Amino acid sequence: MTTPAEAADHPDGAWPEAFDADESRLRERTVELIRLGRTDACLDMWQRPEAATEENLGWLDRMAWRAMDARDYVAAGEWGRLLALARWRSGADADGHRSVAGQSLRPTPVSRLTVAKLAHDIEQLRYLRGRGLLGEGYDAVIAAYQATAERLVAQGDFGQVPLTDADRASIGHVYNRLLHLGTAPRLGRALGDGWDRRKVQEAYLGDGCGVVVIDDLLTPEALTSLRAFCLESTVWSANRYAHGRLGAFFRDGFNCPLLLQIAEELADALPQVIGDRYPLRQLWAFKNGAELPRSGHTHADFAAVNVNFWITPTEANLDPGSGGLIVHRADAPPDWDFDTYNGRPDIIGSYLETRQVGAIRIPYRANRAILFNSDLFHGTDGIRFRPGYENRRINITMLYGERADDVHHRNPQGDRGSGVRGAGGGAAAWRSGAFARARAGRG
């Protein structure tokens, strides 16, 4: 049997056919290649069905979060990218034709159709075709998406709909899979020099609640590169949100070296607010259609500090006074569980009404960031953007630290209790179930 040392002699890093998918050897070789910065050389190994088991994928997931805990964001990005590609690989070749047998493909992160998701994907596939990033065979894929969307519209199905057997046969090998991932490499510098780090920290620490606006967050080069990554990468898989909003998450492919560089530079630039105290805990983005009602999802998050920033050109916004974020000067009470402070608009609305503490309305601007206490309730302002794929509003969120460990803004209203019946509590009430499971797996 070929040993890992012998396999290392292969310039492409791939294992010979005779090298089996023994778990310990698979993991040993993967660690070695990632340490060498050769993550791409792992892909052939991990795209074998016998390698990409739930147990092995869970190991990749834990390795990503452990690297994040250790603030090794370069390694975290590499582990996260490998995890996403091993999980959600495309079943198509470069021309869009089915190249992988259906039984060897893993279920996609979202196995339900929505008209809004299909409409977005049609726009994105056309965008990628127009730039020569996908082959002409994808024209047939676009046509199949279009036929599926038209069928749902004719049936009046505008919510989430399971894929039929016919859908799986026509688009199952490409729907919600990683057909294309942009590159967005690290740059000499990602954060812009037009904002004063010291003043931002003073403003955040001096504000009773913790809210600061940062304009010109990124260098022009970083903004352009990150925007290209978001436009090109087929990572917008989460379609469970109202009004056609789509989400993209770190473990499902929303991950590139530049994103992790930004996270790292933010922590270094704001040592008193983030620094070494709060490691990056989560990274995601949302993409909107042309219109969204105000405060469609007011919520709080599980972290200590949020950084939310926007990358779509300012000119796409048809209402310069809106389109951004509304941050309420009210904390989520510490006795509320994640499902309450993040997903119960009825309870949250009643709570905010009784507090009457006011809110900060921050209009949309490209390359604008909001640094704020993660406990604060917040929601997207009303959106009215120009139609067209490149005009879709994209916001990116980085979450640092854990809510329970925040040393700067400690729920000043929480001491009085929430007074809300049915809000869960307990030592881990601040934490989402998914985050708790990931955190436990890192130990």
# chains A, B, ... in the order shown; residues from 1 in each chain; ligands from 1

$ select_by_dssp --residues "region 9-236 of chain A" --states "strand (DSSP E)" --output "PyMOL selection string"
chain A and resi 112-113+161-162+211-215

$ write_last_selection --atoms "C-alpha atoms" --output "compact mmCIF listing (two decimals), in the first residue's frame"
# COMPACT_ATOMS: atom_id res chain seq x y z
CA ARG A 112 -36.04 23.06 -2.02
CA LEU A 113 -36.84 25.35 -4.92
CA VAL A 161 -41.19 23.63 -3.00
CA PRO A 162 -39.44 20.21 -2.97
CA VAL A 211 -22.66 51.77 17.51
CA VAL A 212 -20.14 53.32 15.09
CA VAL A 213 -20.32 53.96 11.33
CA ILE A 214 -17.14 53.53 9.27
CA ASP A 215 -17.00 54.88 5.72

$ closest_atom_pairs --of "region 138-232 of chain A" --to "region 79-101 of chain A" --cutoff "7 Å" --atoms "only C-alpha atoms" --output "JSON lines"
{"residue": "A:Tyr138", "atom": "CA", "partner": "A:Gly96", "partner_atom": "CA", "distance": 4.8}
{"residue": "A:Val141", "atom": "CA", "partner": "A:Gly96", "partner_atom": "CA", "distance": 6.8}
{"residue": "A:His173", "atom": "CA", "partner": "A:Gly91", "partner_atom": "CA", "distance": 4.5}
{"residue": "A:Val174", "atom": "CA", "partner": "A:Ser90", "partner_atom": "CA", "distance": 5.7}
{"residue": "A:Arg177", "atom": "CA", "partner": "A:Ser90", "partner_atom": "CA", "distance": 5.2}
{"residue": "A:Leu178", "atom": "CA", "partner": "A:Arg89", "partner_atom": "CA", "distance": 5.4}
{"residue": "A:Leu179", "atom": "CA", "partner": "A:Ser90", "partner_atom": "CA", "distance": 5.4}

$ residues_around --residues "region 363-368 of chain A" --least-positions-apart "2" --cutoff "7 Å" --atoms "only C-alpha atoms" --output "PyMOL selection string"
chain A and resi 214-218+309-314+320-325+361+370

$ atom_distance --atom1 "CA of Glu136 (chain A)" --atom2 "CA of Trp46 (chain A)"
27.8 Å

$ select_by_dssp --residues "region 44-76 of chain A" --states "alpha helix (DSSP H)" --output "ChimeraX atom specification"
/A:44-46,54-69,73-76

$ closest_residue --among "A:Asp268, A:Glu150, A:Asp381, A:Asp121" --to "Gln201 (chain A)" --atoms "only C-alpha atoms"
A:Asp268

$ residues_around --residues "region 265-267 of chain A" --least-positions-apart "5" --cutoff "7 Å" --atoms "only C-alpha atoms" --output "ChimeraX atom specification"
/A:191,274-275

$ write_last_selection --atoms "N, CA and C atoms" --output "JSON list (two decimals), in the first residue's frame"
[["chain", "number", "residue", "atom", "x", "y", "z"],
["A", 191, "LEU", "N", -7.81, 46.88, 4.39],
["A", 191, "LEU", "CA", -8.55, 48.00, 4.98],
["A", 191, "LEU", "C", -8.05, 49.33, 4.44],
["A", 274, "ILE", "N", -11.95, 44.53, 19.42],
["A", 274, "ILE", "CA", -11.93, 43.13, 19.00],
["A", 274, "ILE", "C", -10.63, 42.48, 19.45],
["A", 275, "GLY", "N", -9.54, 42.81, 18.76],
["A", 275, "GLY", "CA", -8.22, 42.33, 19.15],
["A", 275, "GLY", "C", -8.14, 40.82, 19.31]]

$ residues_around --residues "His243 (chain A)" --least-positions-apart "2" --cutoff "7 Å" --atoms "only C-alpha atoms" --output "PyMOL selection string"
chain A and resi 241+245+292

$ residues_around --residues "Tyr278 (chain A)" --least-positions-apart "4" --cutoff "12 Å" --atoms "only C-alpha atoms" --output "PyMOL selection string"
chain A and resi 68-71+263-264+266-268+270-274+282+303-306+398-408

$ atom_distance --atom1 "CA of Val115 (chain A)" --atom2 "CA of Tyr127 (chain A)"
18.4 Å

$ residues_around --residues "Asn342 (chain A)" --least-positions-apart "4" --cutoff "9 Å" --atoms "only C-alpha atoms" --output "list in words"
His297, Thr298, His299, Ala300, Asp301, Phe302, Asp337, Phe338, Ile348, Phe377 and Ser432 of chain A

$ write_last_selection --atoms "C-alpha atoms" --output "short mmCIF file (atom, residue, chain, number, x, y, z; two decimals), in the first residue's frame"
data_model
loop_
_atom_site.label_atom_id
_atom_site.label_comp_id
_atom_site.auth_asym_id
_atom_site.auth_seq_id
_atom_site.Cartn_x
_atom_site.Cartn_y
_atom_site.Cartn_z
CA HIS A 297 -36.23 40.73 10.26
CA THR A 298 -35.37 42.63 13.44
CA HIS A 299 -33.13 40.45 15.60
CA ALA A 300 -29.99 40.27 17.73
CA ASP A 301 -26.98 37.97 17.20
CA PHE A 302 -25.03 35.57 19.39
CA ASP A 337 -32.73 32.09 24.12
CA PHE A 338 -31.44 32.29 20.55
CA ILE A 348 -39.17 41.46 19.86
CA PHE A 377 -31.68 44.56 18.00
CA SER A 432 -27.79 29.24 18.61
#
